[in-house]
Every structure is written in C-alpha cells, then in structure tokens.
Protein chains: 4
Amino acid sequence: MTHDSLRRRVGHIIFETTTPAARTFDVVLLWVILLSVLAAVLESVSSLEARWGETLRGLEWGFTVAFTIEYLLRIYSAKDRRRYIFSYFGLVDLLAVLPTYLSLVVPGAQYALVLRSLRLLRVFRILKLAHFLDDADLLVRAMRASREKILVFLFAVMTIVLITGTAMYLIEGPANGFDNIPLSVYWAIVTVTTVGFGDLTPLTPVGRFLASMLMITGYAIIAVPTGIVTTELGLASRSRPNRGLACSRCGAGGHTDEANYCYSCGERLNRESVPKVRLQ
Amino acid sequence: MTHDSLRRRVGHIIFETTTPAARTFDVVLLWVILLSVLAAVLESVSSLEARWGETLRGLEWGFTVAFTIEYLLRIYSAKDRRRYIFSYFGLVDLLAVLPTYLSLVVPGAQYALVLRSLRLLRVFRILKLAHFLDDADLLVRAMRASREKILVFLFAVMTIVLITGTAMYLIEGPANGFDNIPLSVYWAIVTVTTVGFGDLTPLTPVGRFLASMLMITGYAIIAVPTGIVTTELGLASRSRPNRGLACSRCGAGGHTDEANYCYSCGERLNRESVPKVRLQ
Amino acid sequence: MTHDSLRRRVGHIIFETTTPAARTFDVVLLWVILLSVLAAVLESVSSLEARWGETLRGLEWGFTVAFTIEYLLRIYSAKDRRRYIFSYFGLVDLLAVLPTYLSLVVPGAQYALVLRSLRLLRVFRILKLAHFLDDADLLVRAMRASREKILVFLFAVMTIVLITGTAMYLIEGPANGFDNIPLSVYWAIVTVTTVGFGDLTPLTPVGRFLASMLMITGYAIIAVPTGIVTTELGLASRSRPNRGLACSRCGAGGHTDEANYCYSCGERLNRESVPKVRLQ
Amino acid sequence: MTHDSLRRRVGHIIFETTTPAARTFDVVLLWVILLSVLAAVLESVSSLEARWGETLRGLEWGFTVAFTIEYLLRIYSAKDRRRYIFSYFGLVDLLAVLPTYLSLVVPGAQYALVLRSLRLLRVFRILKLAHFLDDADLLVRAMRASREKILVFLFAVMTIVLITGTAMYLIEGPANGFDNIPLSVYWAIVTVTTVGFGDLTPLTPVGRFLASMLMITGYAIIAVPTGIVTTELGLASRSRPNRGLACSRCGAGGHTDEANYCYSCGERLNRESVPKVRLQ
C-alpha cells in the first residue's frame with residue numbers, strides 16, 4: 001500500500017461514515033467520549049475519588065492518549081491540514097487533550113475539569129455524520145431567521161430586569177437581603193424567568209406587589225420567543241422541498257394542496273396518479 | 001351454551017366495547033383500578049395505616065383476587081393466547097397482580113407499592129376502547145415525527161447542563177454546597193428547566209452571573225420544543241383526510257363550514273350527499 | 001308611565017348596554033364589584049382590620065344592600081324570571097349577597113370570605129355585554145375543540161406524577177421528608193409543573209437523578225398543550241369569516257389567497273377591485 | 001457655514017444614521033449609555049463604593065454633563081422643538097439628566113438610582129435608527145392584535161388567583177404563614193406563574209391538594225397566551241406583502257425559492273425582473 005493510499009484510507013475511516021469500518025469507528029469514538037466525560041464527572045465525587053482515584057486518573061490518561069493519537073491521525077489524513085487545525089472541530093479536538101498535558105506542568109489542574117467536559121461537543125460531529133442533524137438544520141435556520149427579533153426581545157427583558165431590580169433595591173433594601181443592584185437584578189432574572197429559587201424574596205407589601213407584576217410579565221412574555229420560533233419553523237418547514245405532492249415529470253415535491261401546476265417545470269400536476277409523499 | 005361460544009362471549013365483554021355488557025364491564029374496571037391505586041396511596045399515610053391498615057390490606061387482597069380472575073379470563077378468552085400474554089397490556093395486567101403475591105414470599109414488600117401504582121397504566125386500554133385516544137393519536141404521530149429534533153434538542157440541553165454544572169463546581173465549590181460535579185449538574189438541570197428548588201443556590205457574584213445566563217437560556221430555549229411540536233401538529237392536522245368538505249367535481253378539499261361553492265372550480269358543493277366529517 | 005313600561009325600562013338599563021344610561025350602570029356596577037372585593041381583601045389584614053374594621057364592615061353592608069337591590073330589580077325586570085334565577089349569572093348574583101346575611105345567623109362567618117371573592121365572577125357579565133369576550137369566544141372554541149386531547153394529556157401527567165411520586169417515597173423515604181405517597185405525589189406535581197417550591201427536595205443521588213428526569217419531562221411536555229391550543233387557535237381563526245378577500249357580489253369574506261371563486265355564491269373573485277379586509 | 005446649515009448638519013448627525021459621522025455618533029452614544037448605567041449599578045455595591053466611590057461619582061457627573069450637552073443639541077437642531085421636547089424620547093432624554101441635578105438640591109438622592117436605570121430606554125432609539133426594530137414591529141402588531149384576548153386572559157388569571165388565595169387563607173391560616181388575603185394572593189401568583197419561591201408553602205393536606213390544582217392550572221393555561229401570540233404572528237407574517245415571488249401573469253404570490261413556474265397558472269416566473277424580497 002502506498003503512503004498516499006494509506007492516508008486516504010485513514011481519512012476515509014476517520015472523517016466519513018459510508019463504510020462499515022468508518023461507522024464502527026464512529027460508534028467506538030462516541031462511547032469513548034461519553035466514558036471520558038463520565039470519568040471526569042465521577043472523579044469530582046470525593047467518596048469515589050478516595051476509593052477509585054488511581055483507576056480514574058489512569059483511565060483519564062488512557063483516554064487522553066487515545067484522543068491524542070486520533071488527533072494526530074486526523075492531522076495526518078486531512079485533505080487540507082491547516083484548514084482542519086483551525087476549524088471549529090479541529091480546535092475542539094485539541095482542547096480535548098491539551099488540559100491533561102497542561103496539568104503536568106501547571107498547578108491548579110482542577111480547572112482542566114471544565115475543559116474536559118467540553119469533550120461532549122465532539123459528539124456533535126458524530127451526530128452530523130450520522131445525518132442526525134439534518135432536521136436540526138431546519139431548527140438552526142429558524143433560529144437564525146428570528147435572530148434579530150430574539151435579540152430585541154432579550155434586550156427588552158434586560159431593560160425590564162434592570163429597572164425592576166433597581167426599584168426592588170430601593171423598596172426592600174439591604175435590610176431584607178437586597179444588598180445591592182447587581183444582586184437585585186439577579187433576583188429579578190430569577191423571578192422573570194419563573195425559576196424562583198427563593199434564596200431572596202420580597203418581604204414588604206410594595207415589594208411583593210412589584211414582584212407579582214414581574215412574575216405575571218415573565219409568565220406572559222414567554223409567549224413571545226415561543227411564537228417567534230414556531231412561526232419561523234412553520235415558514236421554514238413549508239418551504240422545504242419533498243413535502244406534499246411531487247411532480248410526475250421533474251419530481252419536484254412540496255406542492256401545496258391548491259397547486260395545479262408544478263412550480264419547477266410547469267407540468268400540470270396529476271393528483272390521481274402521484275402518491276403523496278410520507279409526511280415526515 | 002357450548003364451550004366455544006362461552007369463550008367468544010367472555011372475550012367480547014372483556015376485550016371489546018360494543019355491547020352494553022362490555023361497556024358496563026369497562027366502567028366497573030375503570031373504577032376498580034382507580035380505587036385500588038387510591039388504596040395503595042392511602043396505605044402509605046401512617047396515621048391512616050394505623051387506623052384502617054387491616055381494612056386497606058383486606059381491600060388490596062380483594063382487588064388482587066379480582067384482577068387475577070380478570071387476568072385468567074383474558075388468557076382464557078383471548079383469540080391468540082401467546083400474543084396476549086406477551087403483549088404490552090398483557091404484561092401490564094400481570095404486573096398488576098404479581099407484586100401482591102410476591103409480598104407473601106419475599107420480605108421488603110414495600111417495593112410492591114411502585115408496581116401497584118403501575119396499575120394506572122391499565123386505564124389507557126379503557127381510554128383506547130372508548131375511542132378517547134383517537135385524537136391523542138395525532139399527538140403521538142406529531143411527537144414521533146419530531147423525535148429526532150427533540151433528541152438533538154435534549155442532547156444539546158444535556159451538553160449545556162454538563163458544561164455549566166462543571167463550571168459552577170469550580171466557581172462555587174464545596175464551600176457553597178456544590179460538593180461535586182453530579183450535584184452541580186443536578187443544580188443546572190433544576191435551573192435550566194426553571195424549576196428552581198432553591199436547595200442549592202450560587203453565592204458568589206461570578207456564580208450568580210453564570211446562573212443568570214443559564215436561566216435566560218432555559219427561558220428562551222423552551223421555545224424550541226414548543227415550536228417543533230406545534231409545527232408538526234399543524235402539519236399533521238392539515239394532512240388529515242376529509243377535513244372539511246371536498247368538491248365533487250374538482251376534488252379540492254378543506255372547504256369551511258360557510259362554503260357553498262368550490263373555491264377552485266366554482267362547482268356548487270353538495271352538502272346533502274357528502275357527509276361532513278366532525279371537525280374535532 | 002305604566003307598570004309594564006317601567007319594568008321594560010329597568011330591564012333595558014340592567015340587562016343591556018345600548019343606551020347611555022345602561023352603559024353608565026355597567027361602569028358603576030364594575031367599580032362597585034371591584035371595590036367590594038377590595039374591601040373583603042383588606043378586611044383580612046389584621047393591622048388594617050384593627051384600625052378600619054368598623055368602616056370596612058359598614059362598607060360591606062352597604063355593598064350587600066346595593067347588590068340585594070340590584071338582584072331584586074333583576075328578578076323584577078327579567079323577561080323570564082324563573083330562567084334568570086336558575087341561570088349561571090342568576091346564581092352568581094345570589095351568591096354575592098347570601099353569605100353576608102348568613103353571617104348574621106351562622107357563626108364562623110369567616111367562610112363567607114371565599115364566597116365574597118366569587119363576586120369577581122360577576123365582572124364577566126359586564127365584559128360580555130361590552131363585547132369584550134367576542135374574541136375570547138374564539139379561545140373558548142379552541143379550548144373546547146382540544147378538550148379531549150387536553151384531558152388525555154392531563155391523565156398522562158397524572159400517571160407520570162403518581163408513579164414517580166411512589167418511587168420517590170421508596171427512594172427518599174420519611175427520613176428525607178417524603179413521609180407518604182400523597183406528599184410525594186404533591187412534590188412530583190410541584191416538580192413536573194416547574195414550580196419548584198423547594199420545601200421538599202431529594203437528598204439521595206438516586207432521588208436526584210429521578211428528579212432530574214422528572215424535571216426534563218415537565219420542561220419538554222409543556223410543549224404539548226401549547227402545541228394543541230396553538231394548532232386549534234390557528235384552525236379556528238382560519239375558519240373565521242371576514243378575513244382575507246371579500247366577494248364583490250355577496251360580500252362573503254375570508255377567501256384564501258389561492259381562491260378563484262367565491263365559496264358562498266360562486267362568483268369569480270375580482271382581485272383588483274376588492275379591497276383587502278383589515279387584518280384584525 | 002451659516003447658522004442654519006450648522007443646525008441642519010448637527011441634526012443630521014444626531015437624529016439620523018445615514019452618514020458615517022451619524023453612525024459613529026450612535027455607536028459612541030450606545031456605549032456611553034451602557035457605561036453610565038453600569039456605573040449606577042456598581043455604585044450600589046458597598047465594597048466597590050467604599051473604594052471607587054469618588055471615581056464613580058466623578059464619572060456620573062461626566063455622563064450627566066455629556067447627556068446634557070446632547071439634550072441641548074437635540075433641542076437646538078430639532079426641526080420642531082416643541083414636538084421633540086414633549087415626545088416620548090424627548091422626555092426620556094430629560095429624565096436621563098434631571099435626577100443627577102436634583103440630587104444636589106433634594107436630600108434622599110438614592111431615589112435617583114431608579115431614574116438613572118431608565119437611561120437604558122434611550123438605547124431603543126438607537127436600535128430603531130439601526131432598523132433593528134423593523135422586525136420587532138411585526139411583534140408589536142401581533143401583540144396589539146391580540147391585546148383584548150390577552151387582557152381577558154389576564155383578568156381570568158386574576159380571578160383564579162384571588163379566589164384560590166382567599167381559599168388558601170381560610171385553609172392554611174395565619175398559623176401556617178398565610179397571614180392575610182393579600183399575602184395569600186401573592187402566594188397564588190407565585191404558584192400559578194410556576195415561579196415557586198417557597199417562602200410560603202401549604203402544610204395541610206387540603207391546602208396541598210388545592211395548591212396542586214393551581215399548579216396544574218398554571219402549567220396548562222400558559223398554552224393560552226402562547227397560542228394567541230403564535231397565531232397572530234403567523235397571520236401577521238402571512239399577510240406581509242411580497243413574501244416570496246409573485247407571478248407576473250396571474251399574480252399568485254408566495255412562491256418558494258425553488259419555484260420556477262407559477263403554481264396557479266403555470267407561467268414561467270421571472271426571477272430577474274421581479275426583485276426578491278429578503279425573507280427576514
């Protein structure tokens with residue numbers, strides 16, 4: 001086997017998902033990622049750490065070495081190496097191994113824990129390869145289409161929260177736990193999002209009245225982002241091809257019930273002979 | 001009466017709902033199931049148990065014997081016995097009686113309580129027989145159609161929750177109650193779903209800021225599953241056949257209650273000969 | 001003025017809203033109802049009761065006498081007296097005055113408070129007269145159309161809550177505050193609806209895991225009633241007349257963009273000459 | 001430069017956003033507003049106030065002077081001065097500077113804090129200029145169209161909350177913390193909106209049962225405002241002119257991006273001559 005064909009073959013297994021070998025690789029990788037995150041999570045439990053600490057740290061090094069080999073193989077077999085290294089998933093792959101090595105040099109390795117949980121982001125590549133995200137794509141498009149509306153909505157919520165938080169600071173004051181405006185704004189966010197921890201609650205009648213207003217506002221305005229996303233999803237899914245009748249000449253799908261002519265080739269649609277496409 | 005006709009007759013009463021006898025059987029069964037679950041619930045209240053314990057245990061044996069007879073009659077009268085026994089409802093029926101008998105043999109009968117509350121699942125068969133689930137079917141289809149999108153959504157939520165949980169463990173630490181990562185992830189789930197128990201709350205400014213981000217995220221992304229389900233429900237209910245009148249000449253459907261003429265070809269709609277399908 | 005014309009005139013003012021006198025009556029009644037409820041609310045605050053108790057009780061008697069006169073006038077001027085007395089609003093009107101008189105005879109008058117707050121229901125009659133509920137009618141129709149689906153949904157939620165509640169009782173047990181199954185079911189409802197009081201929280205790892213599952217379930221399935229109501233509202237508002245193009249011959253409105261012929265009289269629709277009807 | 005041309009030029013920079021100078025002005029103003037609000041927020045934190053108090057108060061005076069100059073320039077360059085001063089944004093601009101000056105004269109300047117956070121409202125003008133609110137306009141129209149329905153919904157929620165609050169006051173009573181009806185109504189609002197602080201929780205079985213009912217009600221009826229807004233948003237976005245291509249022969253609109261022929265008359269769509277309107 002020549003060097004070049006080996007490289008292409010490795011790239012095929014690692015980057016694609018069409019052969020059985022490639023699919024096996026993906027499934028194994030998925031489990032290794034999930035296990036490595038699980039090990040990081042369990043290591044933080046002191047009772048487990050006391051008993052299985054050595055084993056978990058050993059496993060962690062095993063995972064790190066495996067991910068390092070995978071990372072090097074990806075660089076080796078990538079068509080455009082520079083592009084891979086600086087791509088989104090290239091950086092995520094690097095972040096999956098770097099912290100463990102750094103913990104050898106830098107003290108306070110504890111912060112590597114967060115970075116280790118970032119490994120979960122790598123799963124999205126596998127989901128993408130498995131065409132699991134095809135439908136999610138519709139979601140992302142709907143979200144992007146409504147981005148500006150959602151930003152304005154969030155800014156409006158921020159304004160409400162800041163003004164109410166400041167008012168609560170004046171009404172309740174440090175005596176009732178509302179020590180400063182940032183804390184009051186935190187309370188307002190807890191309230192308007194209907195989370196309601198209860199670590200901080202209004203105690204004066206006026207404060208309770210204002211809190212009631214804020215809660216009802218939060219309860220009512222959740223309808224807004226929901227309405228936006230639903231409308232955009234509806235529009236996006238309506239414009240998808242292959243939904244509804246398909247044309248018998250050119251095969252273009254997604255004709256609405258009222259359409260008489262194919263929007264793609266102009267052929268008259270034959271409603272009797274063409275079977276309806278499966279809904280989902 | 002021959003043996004075979006008896007079997008058919010019993011099967012008719014138990015498995016169907018077309019005769020008055022069968023309907024009476026269903027209504028009685030519905031109440032017996034609800035009462036038996038209520039008895040299990042009340043038995044767990046110590047003050048009631050102290051006073052009515054004997055009665056409740058007596059009732060429980062009565063219900064168990066009744067359900068056993070019903071289970072045996074179902075096996076006796078089922079058209080395909082093997083298929084019934086291993087069907088979903090066949091197993092649920094067995095689970096409804098088994099725990100009480102097991103409690104005679106095995107100590108720690110307390111665990112039979114959960115299994116006794118599973119009896120509630122048997123009610124769904126009656127709802128199904130009463131055609132109460134016909135519309136729910138639309139729901140299930142919409143849910144199934146959006147299954148992949150919802151799974152990707154849940155996985156994204158899991159990723160957010162794990163990364164935020166890990167970060168909170170580092171920021172707040174065991175000093176503020178965030179003892180380990182699993183506990184922090186539990187807190188993140190409590191927060192992102194807007195439940196907000198308040199048994200664990202961030203105390204540092206950075207932790208509160210991160211918590212605020214998480215709450216707003218949770219508040220905003222609830223729009224996503226709602227949007228998905230609504231869109232699919234809309235599509236599913238639009239693709240239902242015979243929604244509204246259809247034109248007898250051109251076949252255009254979806255005419256509203258007020259329509260007298262086809263909107264597509266102008267033909268007069270014949271309301272007498274074409275049965276109007278019930279809207280809901 | 002004859003007796004009969006007086007009766008008709010009083011009935012006109014009380015039951016209708018077309019003349020200035022009738023409208024003034026409605027506005028005054030609206031304020032008196034709101035004030036009488038406010039008085040009942042304030043009477044329960046001990047500091048206010050100590051100081052203004054006499055005044056508030058005096059006011060209450062004033063309101064009761066006024067409502068009694070109104071009730072008698074309604075009976076006097078109703079077209080069909082029997083029907084009014086036993087109608088929904090007739091009973092609500094009686095409930096608005098009865099408790100105060102009963103409190104003279106029966107001790108424990110405190111329970112009259114709840115009945116006094118029922119006076120708020122009387123406001124809906126005024127809203128109805130003011131055609132404020134015309135649009136709400138669409139809402140009610142959408143709710144009724146989705147009644148069965150919502151009932152099945154609620155029953156499914158009840159089943160989830162009962163099974164999870166029983167499981168939590170076994171996992172956490174009285175030691176962690178889950179004293180009995182009814183209390184555990186109450187906790188499960190608090191959790192699945194994302195209310196999350198935090199008066200009762202799981203303390204064991206297994207309990208927390210199960211609680212997490214329940215929270216995510218509650219967070220995800222709120223999409224279901226929302227989807228149902230939205231879909232039905234969409235269908236209901238689409239079938240409303242006078243939306244979209246109106247026919248130039250018969251005036252029937254609500255033609256969709258694809259319609260070529262009027263659904264009511266069969267006239268060809270003239271898209272150039274007919275002005276679009278205002279959206280809302 | 002004449003006086004008049006200077007005035008026009010200043011007005012151009014301040015009120016519009018078409019020239020680079022005007023755009024730079026907007027961006028600088030945006031940051032100054034956000035910084036001035038941040039300074040007000042930080043001043044309330046006692047530890048920061050102790051250390052940076054002088055600096056923050058100095059900054060506040062700097063911001064106030066800058067906003068005063070801007071306000072005077074706006075008056076100077078406005079086309080219709082009277083109209084500007086009494087316009088919504090004119091009053092907001094005045095409110096942005098007045099409190100700081102008043103704090104020199106009036107004691108208890110603390111209340112100026114709330115007014116200082118109102119400065120955030122000024123950002124909406126910049127968002128408007130940047131055409132960021134064009135899409136939000138759709139939102140506002142949808143909200144206004146569903147105003148009456150939302151009001152009736154809120155009134156129904158208020159009725160539920162008042163009646164349940166009164167009932168809880170009688171069931172739980174002052175012994176369990178439900179001191180008076182206003183407090184019980186506050187608790188009912190906390191519960192029905194699914195906020196659930198947990199500062200006040202029912203302790204009797206009957207109270208818990210009623211609370212469960214209220215929670216499920218709150219969980220189910222959130223579907224109503226969501227449904228309303230979604231439906232209106234869908235209608236509003238459907239009635240937007242020129243959504244998708246329109247056919248040049250028959251005028252049928254709403255052709256998707258993939259359409260080459262009109263679905264109504266079969267005419268070839270002319271993509272060059274008809275400008276495609278931006279989807280969002």
# chains A, B, ... in the order shown; residues from 1 in each chain; ligands from 1

call {"tool": "residues_around", "arguments": {"residues": "stretch 135-144 of chain D", "least_positions_apart": "6", "cutoff": "10 Å", "atoms": "only C-alpha atoms", "output": "list in words"}}
result
Ser146, Glu148, Lys149, Ile150, Leu151, Val152, Phe153, Val224, Gly227 and Ile228 of chain A; Gln280 of chain C; Lys128, Ile150, Ile228, Val229, Thr230, Thr231, Glu232, Leu233, Gly234, Leu235, Ala236, Ser237, Arg240 and Gln280 of chain D

call {"tool": "calpha_fit_rmsd", "arguments": {"fixed": "chain A", "moving": "chain B"}}
result
3.1 Å

call {"tool": "atom_distance", "arguments": {"atom1": "atom CA of C:Ala223", "atom2": "atom CA of C:Met168"}}
result
25.1 Å

call {"tool": "interface_residues", "arguments": {"of": "chain D", "to": "chain B", "cutoff": "9 Å", "atoms": "only C-alpha atoms", "output": "number ranges by chain"}}
result
D: 194-198

call {"tool": "residues_around", "arguments": {"residues": "C:Glu60", "least_positions_apart": "6", "cutoff": "10 Å", "atoms": "only C-alpha atoms", "output": "ChimeraX atom specification"}}
result
/C:35-37,39-40,43,54,66,100,116

call {"tool": "residues_around", "arguments": {"residues": "D:Val41", "least_positions_apart": "2", "cutoff": "10 Å", "atoms": "only C-alpha atoms", "output": "PyMOL selection string"}}
result
(chain A and resi 162+165-166+180-183+185) or (chain D and resi 35-39+43-45+113-114+116-117)

call {"tool": "atom_distance", "arguments": {"atom1": "atom CA of D:His3", "atom2": "atom CA of D:Phe67"}}
result
22.8 Å

call {"tool": "closest_residue", "arguments": {"among": "A:Val123, A:Ile75, A:Ala211, A:Val10", "to": "A:Val32", "atoms": "only C-alpha atoms"}}
result
A:Val123

call {"tool": "atom_distance", "arguments": {"atom1": "atom CA of B:Ile126", "atom2": "atom CA of B:Leu30"}}
result
7.2 Å

call {"tool": "select_by_dssp", "arguments": {"residues": "stretch 35-271 of chain A", "states": "alpha helix (DSSP H)", "output": "PyMOL selection string"}}
result
chain A and resi 35-43+46-77+81-85+88-95+98-105+112-117+123-129+134-145+147-171+181-192+205-221+223-238

call {"tool": "residues_around", "arguments": {"residues": "B:Arg208", "least_positions_apart": "4", "cutoff": "10 Å", "atoms": "only C-alpha atoms", "output": "compact mmCIF listing (two decimals) with N, CA, C and O atoms, in the first residue's frame"}}
result
# COMPACT_ATOMS: atom_id res chain seq x y z
N PRO A 182 -26.71 44.80 41.56
CA PRO A 182 -26.46 43.54 40.84
C PRO A 182 -27.21 42.36 41.46
O PRO A 182 -27.79 41.55 40.74
N LEU A 183 -27.23 42.29 42.79
CA LEU A 183 -27.96 41.20 43.45
C LEU A 183 -29.46 41.30 43.17
O LEU A 183 -30.12 40.28 42.94
N TYR A 186 -30.09 40.11 39.73
CA TYR A 186 -30.04 38.64 39.75
C TYR A 186 -31.39 38.10 40.24
O TYR A 186 -31.95 37.18 39.63
N TRP A 187 -31.93 38.70 41.31
CA TRP A 187 -33.22 38.27 41.81
C TRP A 187 -34.31 38.46 40.74
O TRP A 187 -35.18 37.61 40.55
N VAL A 190 -34.06 35.73 38.23
CA VAL A 190 -34.60 34.50 38.82
C VAL A 190 -36.13 34.53 38.78
O VAL A 190 -36.78 33.50 38.55
N MET B 168 -19.79 25.63 37.47
CA MET B 168 -20.30 26.05 38.78
C MET B 168 -19.57 25.35 39.91
O MET B 168 -19.33 25.93 40.97
N ILE B 171 -16.46 27.29 40.32
CA ILE B 171 -16.66 28.67 40.79
C ILE B 171 -17.14 28.69 42.24
O ILE B 171 -16.58 29.40 43.07
N GLU B 172 -18.19 27.89 42.54
CA GLU B 172 -18.77 27.93 43.89
C GLU B 172 -18.04 26.97 44.83
O GLU B 172 -17.71 27.32 45.95
N THR B 201 -28.03 27.26 45.94
CA THR B 201 -28.03 28.48 45.14
C THR B 201 -26.63 29.08 45.12
O THR B 201 -25.89 28.96 46.09
N PRO B 202 -26.27 29.73 44.01
CA PRO B 202 -24.94 30.33 43.92
C PRO B 202 -24.83 31.50 44.90
O PRO B 202 -25.79 32.23 45.12
N LEU B 203 -23.65 31.65 45.50
CA LEU B 203 -23.45 32.72 46.47
C LEU B 203 -22.39 33.72 46.02
O LEU B 203 -22.31 34.82 46.56
N THR B 204 -21.55 33.36 45.05
CA THR B 204 -20.52 34.29 44.58
C THR B 204 -21.07 35.09 43.41
O THR B 204 -21.96 34.63 42.69
N SER B 212 -27.50 33.37 36.02
CA SER B 212 -28.41 34.23 35.27
C SER B 212 -28.40 33.86 33.78
O SER B 212 -29.45 33.76 33.14
N MET B 213 -27.19 33.65 33.24
CA MET B 213 -27.08 33.24 31.83
C MET B 213 -27.86 31.95 31.60
O MET B 213 -28.61 31.81 30.64
N LEU B 214 -27.67 31.00 32.52
CA LEU B 214 -28.31 29.69 32.38
C LEU B 214 -29.84 29.81 32.43
O LEU B 214 -30.55 29.18 31.66
